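Colleague: Here you go, upload.txt (compact mmCIF, C-alpha atoms and all ligand atoms):
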# COMPACT_ATOMS: atom_id res chain seq x y z
CA MET A 1 5.47 3.80 -5.76
CA SER A 2 8.87 4.78 -7.20
CA LEU A 3 9.56 6.53 -10.49
CA THR A 4 12.58 5.35 -12.48
CA PRO A 5 14.80 8.44 -12.86
CA ILE A 6 15.81 9.01 -16.48
CA GLY A 7 19.48 8.08 -16.94
CA ALA A 8 19.52 5.73 -13.90
CA PRO A 9 21.09 2.28 -14.53
CA ARG A 10 18.34 0.03 -15.83
CA GLN A 11 17.68 -3.65 -15.93
CA LYS A 12 16.47 -5.47 -19.00
CA ILE A 13 12.67 -5.58 -19.07
CA THR A 14 11.30 -9.09 -19.50
CA SER A 15 7.91 -10.73 -19.36
CA ALA A 16 8.64 -11.59 -15.71
CA SER A 17 9.48 -7.98 -14.81
CA LEU A 18 6.19 -6.79 -16.34
CA HIS A 19 4.30 -9.26 -14.17
CA GLU A 20 6.25 -8.12 -11.10
CA LYS A 21 5.34 -4.50 -11.90
CA LYS A 22 1.66 -5.46 -11.95
CA LEU A 23 2.02 -7.14 -8.55
CA ARG A 24 3.71 -3.99 -7.18
CA HIS A 25 1.00 -1.76 -8.76
CA GLU A 26 3.74 0.02 -10.75
CA ALA A 27 2.37 1.51 -13.96
CA ILE A 28 3.89 0.01 -17.12
CA THR A 29 4.88 2.36 -19.96
CA CYS A 30 4.83 1.49 -23.64
CA LEU A 31 5.43 3.56 -26.77
CA THR A 32 5.60 2.63 -30.40
CA ALA A 33 8.83 3.19 -32.35
CA TYR A 34 9.47 2.53 -36.00
CA ASP A 35 13.09 3.49 -36.66
CA TYR A 36 16.53 3.63 -35.00
CA ALA A 37 16.32 7.25 -33.78
CA SER A 38 12.89 6.98 -32.16
CA ALA A 39 13.80 3.58 -30.68
CA ARG A 40 16.94 4.99 -29.03
CA LEU A 41 15.09 7.99 -27.62
CA VAL A 42 12.26 5.87 -26.24
CA ASP A 43 14.58 3.22 -24.80
CA GLU A 44 16.91 5.78 -23.23
CA ALA A 45 13.91 7.52 -21.63
CA ALA A 46 13.38 4.28 -19.64
CA ILE A 47 10.10 3.25 -21.30
CA ASP A 48 9.32 -0.40 -20.42
CA ILE A 49 8.02 -1.69 -23.77
CA VAL A 50 8.86 -0.60 -27.31
CA LEU A 51 6.17 -1.73 -29.73
CA VAL A 52 6.83 -1.82 -33.45
CA GLY A 53 3.14 -1.35 -34.18
CA ASP A 54 1.48 -1.94 -37.52
CA SER A 55 0.32 1.67 -37.03
CA LEU A 56 3.55 2.36 -38.95
CA ALA A 57 1.41 1.79 -42.05
CA MET A 58 -0.12 5.21 -41.30
CA THR A 59 2.57 7.05 -39.33
CA MET A 60 5.56 6.07 -41.49
CA LEU A 61 4.09 4.99 -44.82
CA GLY A 62 1.07 7.30 -45.15
CA HIS A 63 -1.55 4.57 -45.63
CA GLU A 64 -5.15 5.08 -44.54
CA ASN A 65 -5.25 2.08 -42.18
CA THR A 66 -3.06 -0.78 -40.98
CA LEU A 67 -4.29 -3.38 -43.46
CA SER A 68 -1.77 -2.99 -46.26
CA VAL A 69 1.49 -3.28 -44.33
CA THR A 70 3.37 -6.52 -45.06
CA VAL A 71 5.54 -8.86 -43.00
CA ASP A 72 8.61 -7.72 -44.98
CA GLU A 73 7.83 -4.03 -44.34
CA MET A 74 7.33 -4.73 -40.62
CA LEU A 75 10.64 -6.61 -40.57
CA HIS A 76 12.45 -3.70 -42.22
CA HIS A 77 11.31 -1.33 -39.43
CA LEU A 78 11.77 -3.92 -36.68
CA LYS A 79 15.44 -4.44 -37.60
CA ALA A 80 16.12 -0.69 -37.33
CA VAL A 81 14.31 -0.49 -33.98
CA ARG A 82 16.20 -3.55 -32.70
CA ARG A 83 19.48 -1.68 -33.22
CA GLY A 84 18.19 1.17 -31.02
CA VAL A 85 16.67 -0.79 -28.12
CA LYS A 86 18.75 -2.07 -25.21
CA ASN A 87 16.60 -2.43 -22.13
CA ALA A 88 12.96 -2.21 -23.14
CA LEU A 89 10.99 -5.33 -24.04
CA LEU A 90 10.70 -5.32 -27.84
CA ILE A 91 7.30 -6.38 -29.18
CA VAL A 92 6.28 -6.40 -32.85
CA ASP A 93 2.81 -6.50 -34.37
CA MET A 94 1.86 -9.44 -36.56
CA PRO A 95 0.33 -7.51 -39.47
CA PHE A 96 -2.96 -8.30 -41.20
CA GLY A 97 -2.53 -11.38 -43.39
CA ALA A 98 0.40 -12.76 -41.39
CA TYR A 99 -1.70 -15.18 -39.32
CA GLN A 100 -5.29 -15.22 -40.61
CA ILE A 101 -4.77 -17.93 -43.26
CA ASP A 102 -3.66 -20.71 -40.97
CA ALA A 103 -1.77 -21.27 -37.74
CA ARG A 104 1.25 -22.79 -39.53
CA ASP A 105 1.65 -19.58 -41.49
CA GLY A 106 1.23 -17.55 -38.27
CA VAL A 107 3.90 -19.52 -36.40
CA SER A 108 6.31 -19.27 -39.30
CA ASN A 109 5.85 -15.47 -39.56
CA ALA A 110 6.30 -15.15 -35.78
CA ILE A 111 9.57 -17.10 -36.09
CA ARG A 112 10.76 -14.68 -38.82
CA PHE A 113 10.14 -11.71 -36.49
CA VAL A 114 12.29 -13.32 -33.79
CA LYS A 115 14.96 -14.85 -36.01
CA GLU A 116 15.42 -12.08 -38.59
CA GLY A 117 14.16 -9.03 -36.69
CA GLY A 118 15.19 -9.71 -33.10
CA ALA A 119 11.69 -9.31 -31.60
CA GLU A 120 11.20 -10.59 -28.06
CA ALA A 121 7.43 -11.05 -28.41
CA VAL A 122 4.79 -10.76 -31.11
CA LYS A 123 1.40 -9.07 -30.73
CA ILE A 124 -1.66 -10.77 -32.21
CA GLU A 125 -5.06 -9.07 -32.50
CA GLY A 126 -8.10 -11.02 -31.30
CA GLY A 127 -9.18 -12.98 -28.22
CA GLU A 128 -10.87 -16.41 -27.97
CA LYS A 129 -10.94 -16.67 -31.74
CA ARG A 130 -7.11 -16.54 -31.94
CA VAL A 131 -6.23 -18.56 -28.85
CA ASP A 132 -5.22 -21.74 -30.75
CA LEU A 133 -2.70 -19.73 -32.73
CA VAL A 134 -1.55 -17.92 -29.58
CA ARG A 135 -0.90 -21.30 -27.89
CA ARG A 136 1.02 -22.58 -30.90
CA VAL A 137 3.22 -19.50 -31.05
CA ILE A 138 3.91 -19.73 -27.30
CA ASP A 139 4.65 -23.42 -27.84
CA ALA A 140 7.29 -22.36 -30.36
CA GLU A 141 8.99 -20.46 -27.46
CA ILE A 142 7.80 -17.06 -28.69
CA PRO A 143 6.07 -14.85 -26.10
CA VAL A 144 2.78 -13.37 -27.31
CA ALA A 145 1.02 -10.11 -26.42
CA GLY A 146 -2.77 -10.15 -26.84
CA HIS A 147 -4.80 -7.24 -28.21
CA ILE A 148 -8.57 -6.99 -27.76
CA GLY A 149 -11.35 -4.40 -27.97
CA LEU A 150 -11.03 -2.02 -30.89
CA THR A 151 -8.66 -4.09 -33.01
CA PRO A 152 -7.68 -1.92 -36.01
CA GLN A 153 -7.13 -4.90 -38.34
CA SER A 154 -10.89 -5.59 -38.02
CA VAL A 155 -11.82 -2.06 -39.15
CA HIS A 156 -14.07 -3.27 -41.98
CA ALA A 157 -15.65 -6.04 -39.89
CA MET A 158 -16.38 -3.49 -37.11
CA GLY A 159 -17.75 -0.95 -39.60
CA GLY A 160 -15.20 1.70 -38.60
CA TYR A 161 -13.10 2.60 -35.58
CA LYS A 162 -15.79 2.29 -32.90
CA VAL A 163 -15.47 1.95 -29.15
CA GLN A 164 -16.13 -1.73 -28.30
CA GLY A 165 -17.64 -3.40 -25.23
CA LYS A 166 -20.65 -1.15 -24.78
CA SER A 167 -23.37 -3.82 -24.35
CA LEU A 168 -23.56 -6.50 -21.64
CA GLU A 169 -23.06 -9.16 -24.29
CA ALA A 170 -20.00 -7.42 -25.68
CA ILE A 171 -18.59 -6.95 -22.16
CA GLU A 172 -19.00 -10.68 -21.48
CA GLN A 173 -17.23 -11.52 -24.74
CA LEU A 174 -14.35 -9.15 -23.92
CA MET A 175 -14.01 -10.71 -20.48
CA ARG A 176 -13.93 -14.21 -22.04
CA ASP A 177 -11.33 -13.02 -24.56
CA ALA A 178 -9.13 -11.59 -21.80
CA VAL A 179 -9.43 -14.61 -19.50
CA THR A 180 -8.72 -17.05 -22.35
CA LEU A 181 -5.59 -15.14 -23.37
CA ASP A 182 -4.49 -14.89 -19.74
CA ARG A 183 -4.84 -18.66 -19.29
CA ALA A 184 -2.92 -19.24 -22.51
CA GLY A 185 -0.01 -17.39 -20.89
CA VAL A 186 0.33 -14.14 -22.83
CA VAL A 187 2.95 -11.57 -21.75
CA CYS A 188 0.36 -8.79 -21.56
CA ILE A 189 -2.96 -7.80 -23.11
CA TYR A 190 -3.46 -4.54 -25.01
CA LEU A 191 -6.93 -3.13 -24.34
CA GLU A 192 -7.90 -0.65 -27.04
CA GLY A 193 -10.97 1.56 -27.35
CA ILE A 194 -13.16 0.19 -24.58
CA PRO A 195 -15.01 1.90 -21.70
CA ARG A 196 -12.95 2.63 -18.62
CA GLU A 197 -15.22 0.50 -16.42
CA VAL A 198 -14.75 -2.58 -18.61
CA ALA A 199 -10.96 -2.13 -18.79
CA ALA A 200 -10.86 -1.82 -14.98
CA MET A 201 -12.83 -5.07 -14.55
CA ILE A 202 -10.59 -6.95 -16.98
CA SER A 203 -7.43 -5.58 -15.37
CA GLN A 204 -8.61 -6.84 -11.97
CA GLU A 205 -9.62 -10.22 -13.32
CA VAL A 206 -6.48 -11.25 -15.23
CA ARG A 207 -3.02 -11.98 -13.81
CA THR A 208 -1.21 -10.73 -16.88
CA PRO A 209 -0.67 -6.94 -17.17
CA THR A 210 -3.13 -4.95 -19.28
CA ILE A 211 -1.82 -2.07 -21.39
CA GLY A 212 -4.49 0.45 -22.30
CA ILE A 213 -4.99 2.79 -25.22
CA GLY A 214 -8.30 4.58 -25.10
CA ALA A 215 -9.24 2.30 -22.20
CA GLY A 216 -8.97 4.68 -19.23
CA PRO A 217 -6.50 5.00 -16.36
CA ASP A 218 -7.19 1.73 -14.51
CA CYS A 219 -5.16 -0.51 -16.81
CA ASP A 220 -1.82 -1.80 -15.54
CA GLY A 221 -0.02 0.32 -18.13
CA GLN A 222 -0.55 2.73 -20.98
CA VAL A 223 0.61 2.84 -24.59
CA LEU A 224 0.60 5.73 -27.06
CA VAL A 225 1.62 5.93 -30.67
CA PHE A 226 4.92 7.89 -30.82
CA HIS A 227 3.58 10.22 -33.52
CA ASP A 228 0.43 10.99 -31.49
CA LEU A 229 2.49 11.77 -28.38
CA LEU A 230 4.47 14.30 -30.44
CA ASN A 231 1.68 15.73 -32.62
CA LEU A 232 3.14 14.29 -35.81
CA SER A 233 0.11 12.36 -37.00
CA PHE A 234 -1.56 14.72 -39.52
CA HIS A 235 -5.08 13.70 -38.52
CA PRO A 236 -7.53 14.83 -35.86
CA ALA A 237 -6.50 13.26 -32.56
CA ALA A 238 -8.72 10.63 -30.92
CA LYS A 239 -10.28 11.51 -27.55
CA PHE A 240 -7.63 9.63 -25.56
CA VAL A 241 -4.60 11.21 -27.27
CA ARG A 242 -2.60 13.72 -25.30
CA HIS A 243 0.15 15.61 -27.14
CA PHE A 244 3.06 15.60 -24.71
CA GLY A 245 5.10 17.65 -27.16
CA ASP A 246 4.72 19.45 -30.48
CA ALA A 247 7.36 18.04 -32.80
CA ALA A 248 5.38 19.21 -35.85
CA ALA A 249 5.79 22.84 -34.75
CA GLU A 250 9.48 22.31 -33.84
CA ILE A 251 10.28 20.61 -37.15
CA THR A 252 8.38 23.18 -39.22
CA GLN A 253 10.20 25.99 -37.45
CA ALA A 254 13.60 24.36 -38.05
CA VAL A 255 12.87 23.63 -41.74
CA GLN A 256 11.67 27.19 -42.33
CA ALA A 257 14.76 28.61 -40.59
CA PHE A 258 17.02 26.45 -42.84
CA ARG A 259 15.19 27.68 -45.95
CA ALA A 260 15.45 31.32 -44.88
CA ASP A 261 19.19 31.07 -44.03
CA VAL A 262 20.04 29.31 -47.32
CA GLN A 263 18.05 31.87 -49.31
CA ALA A 264 19.78 34.72 -47.45
CA ARG A 265 23.18 33.01 -48.02
CA GLN A 266 23.70 32.85 -44.27
CA TYR A 267 24.10 29.10 -44.24
CA PRO A 268 26.68 27.64 -44.21
CA SER A 269 29.00 30.15 -42.57
CA ASP A 270 32.79 30.17 -42.91
CA GLU A 271 33.05 28.35 -39.55
CA GLU A 272 30.78 25.65 -40.92
CA SER A 273 33.04 25.16 -44.00
CA TYR A 274 36.10 22.94 -44.52
CA HIS A 275 39.33 24.76 -45.46
CA LEU A 276 42.45 23.80 -47.36
CA PRO A 277 45.65 23.32 -45.33
CA LYS A 278 47.70 26.55 -45.32
CA GLU A 279 50.48 25.17 -47.61
CA THR A 280 48.00 23.85 -50.18
CA ALA A 281 46.13 27.16 -50.15
CA GLN A 282 49.42 29.02 -50.77
CA ALA A 283 50.43 26.60 -53.56
CA LEU A 284 47.02 26.93 -55.17
CA GLU A 285 47.25 30.73 -55.02
CA MET A 286 50.62 30.57 -56.79
CA VAL A 287 49.18 28.33 -59.57
CA LEU A 288 46.22 30.67 -60.03
CA GLU A 289 48.49 33.74 -60.07
CA ARG A 290 50.68 32.12 -62.75
CA LYS A 291 47.59 31.43 -64.88
CA ARG A 292 46.37 35.01 -64.40
CA SER A 293 49.76 36.48 -65.44
CA LEU A 294 49.86 34.29 -68.60
CA ARG A 295 46.44 35.63 -69.56
CA ARG A 296 47.57 39.29 -69.15
O1 LIG B 1 -0.10 -0.61 -34.01
C1 LIG B 1 -0.10 -0.02 -32.91
O2 LIG B 1 0.51 1.02 -32.74
C2 LIG B 1 -0.84 -0.65 -31.82
C3 LIG B 1 -1.00 0.11 -30.55
C4 LIG B 1 -1.84 1.30 -30.74
C5 LIG B 1 -1.51 -0.75 -29.45
O3 LIG B 1 -1.31 -1.73 -31.97
Would it be possible to restate this file's structure as structure tokens?
Modeller:
Amino acid sequence: MSLTPIGAPRQKITSASLHEKKLRHEAITCLTAYDYASARLVDEAAIDIVLVGDSLAMTMLGHENTLSVTVDEMLHHLKAVRRGVKNALLIVDMPFGAYQIDARDGVSNAIRFVKEGGAEAVKIEGGEKRVDLVRRVIDAEIPVAGHIGLTPQSVHAMGGYKVQGKSLEAIEQLMRDAVTLDRAGVVCIYLEGIPREVAAMISQEVRTPTIGIGAGPDCDGQVLVFHDLLNLSFHPAAKFVRHFGDAAAEITQAVQAFRADVQARQYPSDEESYHLPKETAQALEMVLERKRSLRR
């Protein structure tokens, strides 16, 4: 198995390249991004998929869950991310309310994400229950990513954020969801908050790549929320979250250093200031001197 060195020339990631990675047993990487800066950093670090997740409702907008974010808000963030992504596959979440009313509505919102926001695929939560919509969106030439298990848009229906697929019945349903989405031709399936053993079985069963979050190491790839990766989330981390960096500490330290230097009048320095051209400075000094002498 080969690791892509950071900075090496990269090829555009497509649905086909994700499937090839699965065949080669190469782990697929995915991170969320919600603005231009994070999108550039993630893309330039050779991550395969950039997901504009509806988790931006919490990470960027400070909401309690994903339910309130709108199609227009998602589009606003997607457009910024689009400008920062070159090689990664760009997937956007269909937010709550964008596809639950009817399929026509769902297809037309998916078209907006591609046409106005530049998305290359849309992610839709739900398995068997959503497969008609998934087929219609694919029929409209828009690739779809599935998302099953702990689907955050169903938080009230699930009675909280609970690990799914713990009974035999629930495992069978998850397997049916995965197989149905696979047969419908999805680009990949996100498996969230399910036991490792179940995620492993699903990953073996379906041809399409599985991308896990809280689903153990046997998925074909892994996704993390950018703010969780960097410890920028302001809430207790879920069991599966690993902080790969501590941006909160770095940012706090930088902000406090700015405050201290401004208060001590050590920022900005003379070198950090703009200066008048020599002749203008001399002319200005002469004007000021004339004014001073008139006042004497
Ligand atoms: O919204 C999101 O960030 C997601 C991932 C956690 C899969 O759906």
Colleague: What's the separation between atom O3 of ligand LIG 1 (chain B) and CA of Ala248 in chain A, in Å to one decimal place?
Modeller: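 The value is 22.3 Å.
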Colleague: So what do you get for CA of Phe96 in chain A versus CA of Leu67 in chain A, distance-wise?
Modeller: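 Here the two named atoms are 5.6 Å from each other.
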Colleague: All residues within 7 Å of ligand LIG 1 (chain B) are required, counting all atoms listed in the file; please report them as a list in words.
Modeller: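 Using all atoms listed in the file, I find these residues within 7 Å of ligand LIG 1 (chain B): Thr32, Leu51, Val52, Gly53, Asp54, Ser55, Leu56, Asp93, Tyr190, Glu192, Ile213, Val223, Leu224 and Val225 of chain A.
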Colleague: Tell me which residues come within 9 Å of (18.4, 1.0, -23.5), as a list in words, counting only C-alpha atoms in the file's coordinates.
Modeller: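 Those residues lying close to the given coordinates are Arg10, Gln11, Lys12, Ala39, Arg40, Leu41, Val42, Asp43, Glu44, Ala45, Ala46, Ile47, Gly84, Val85, Lys86, Asn87 and Ala88 of chain A.
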Colleague: I need the residues from that last selection saved to file as a compact mmCIF listing (two decimals), in the frame of the given file (with C-alpha atoms), if you can.
Modeller:
# COMPACT_ATOMS: atom_id res chain seq x y z
CA ARG A 10 18.34 0.03 -15.83
CA GLN A 11 17.68 -3.65 -15.93
CA LYS A 12 16.47 -5.47 -19.00
CA ALA A 39 13.80 3.58 -30.68
CA ARG A 40 16.94 4.99 -29.03
CA LEU A 41 15.09 7.99 -27.62
CA VAL A 42 12.26 5.87 -26.24
CA ASP A 43 14.58 3.22 -24.80
CA GLU A 44 16.91 5.78 -23.23
CA ALA A 45 13.91 7.52 -21.63
CA ALA A 46 13.38 4.28 -19.64
CA ILE A 47 10.10 3.25 -21.30
CA GLY A 84 18.19 1.17 -31.02
CA VAL A 85 16.67 -0.79 -28.12
CA LYS A 86 18.75 -2.07 -25.21
CA ASN A 87 16.60 -2.43 -22.13
CA ALA A 88 12.96 -2.21 -23.14
Colleague: Mind running range 133-180 of chain A against range 237-241 of chain A at 12 Å and telling me each contacting residue's nearest atom pair with the distance in Å (one decimal), counting all atoms listed in the file, chain and number ascending, as a Markdown table?
Modeller:
| residue | atom | partner | partner_atom | distance |
| --- | --- | --- | --- | --- |
| A:Tyr161 | CA | A:Ala238 | CA | 10.3 |
| A:Lys162 | CA | A:Ala238 | CA | 11.1 |
| A:Val163 | CA | A:Lys239 | CA | 11.0 |
Colleague: Name the closest residue to Gly126 in chain A among the candidates A:Glu172, A:Glu26, A:Asp139, A:Asp177; distances are taken between atoms, counting only C-alpha atoms.
Modeller: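 Smallest distance to Gly126 in chain A is found for A:Asp177.
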Colleague: Distance CA of Ala283 in chain A-CA of Gln266 in chain A, one decimal place?
Modeller: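 Answer for the CA of Ala283 in chain A to CA of Gln266 in chain A separation: 29.0 Å.
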Colleague: Go ahead and fit an axis-aligned box to every listed atom of range 110-115 of chain A plus 4 Å each side, and pass me the centre and edge lengths in Å, one decimal, as JSON.
Modeller:
{"center_x": 10.6, "center_y": -14.4, "center_z": -36.3, "size_x": 16.7, "size_y": 13.4, "size_z": 13.0}
Colleague: Please list as a ChimeraX atom specification every residue within 7 Å of Leu78 in chain A, counting all atoms listed in the file and excluding residues in the same chain fewer than 3 positions away.
Modeller: /A:34,52,74-75,81-82,117
Colleague: What does the file look like for those residues with C-alpha atoms, as a PDB file, in the frame of the given file?
Modeller:
ATOM      1  CA  TYR A  34       9.470   2.530 -36.000  1.00  0.00           C
ATOM      2  CA  VAL A  52       6.830  -1.820 -33.450  1.00  0.00           C
ATOM      3  CA  MET A  74       7.330  -4.730 -40.620  1.00  0.00           C
ATOM      4  CA  LEU A  75      10.640  -6.610 -40.570  1.00  0.00           C
ATOM      5  CA  VAL A  81      14.310  -0.490 -33.980  1.00  0.00           C
ATOM      6  CA  ARG A  82      16.200  -3.550 -32.700  1.00  0.00           C
ATOM      7  CA  GLY A 117      14.160  -9.030 -36.690  1.00  0.00           C
TER       8      GLY A 117
END
Colleague: Which residue gives the smallest distance to Gly216 in chain A among A:Lys115, A:Arg196, A:His235, A:Lys166, with all atoms listed in the file counted?
Modeller: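 Using all atoms listed in the file, Gly216 in chain A sits closest to A:Arg196.
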Colleague: Would you kindly return, as a list in words, each protein, DNA or RNA residue with an atom no farther than 10 Å from any atom of Ile194 in chain A, considering all atoms listed in the file and excluding same-chain residues fewer than 3 positions away?
Modeller: Ile148, Gly149, Leu150, Lys162, Val163, Gln164, Gly165, Lys166, Ile171, Leu174, Leu191, Glu197, Val198, Ala199, Gly212, Ile213, Gly214, Ala215 and Gly216 of chain A
Colleague: For each of A:Met201, A:Ala140, A:Val287, A:Val122, take the minimum atom-to-atom distance to Asp220 in chain A, counting all atoms listed in the file, then give the residue where this is smallest.
Modeller: A:Met201
Colleague: Nearest residue to Val144 in chain A out of A:Val107, A:Val187, A:Leu89, A:Val179, using only C-alpha atoms?
Modeller: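 Smallest separation from Val144 in chain A among the options: A:Val187.
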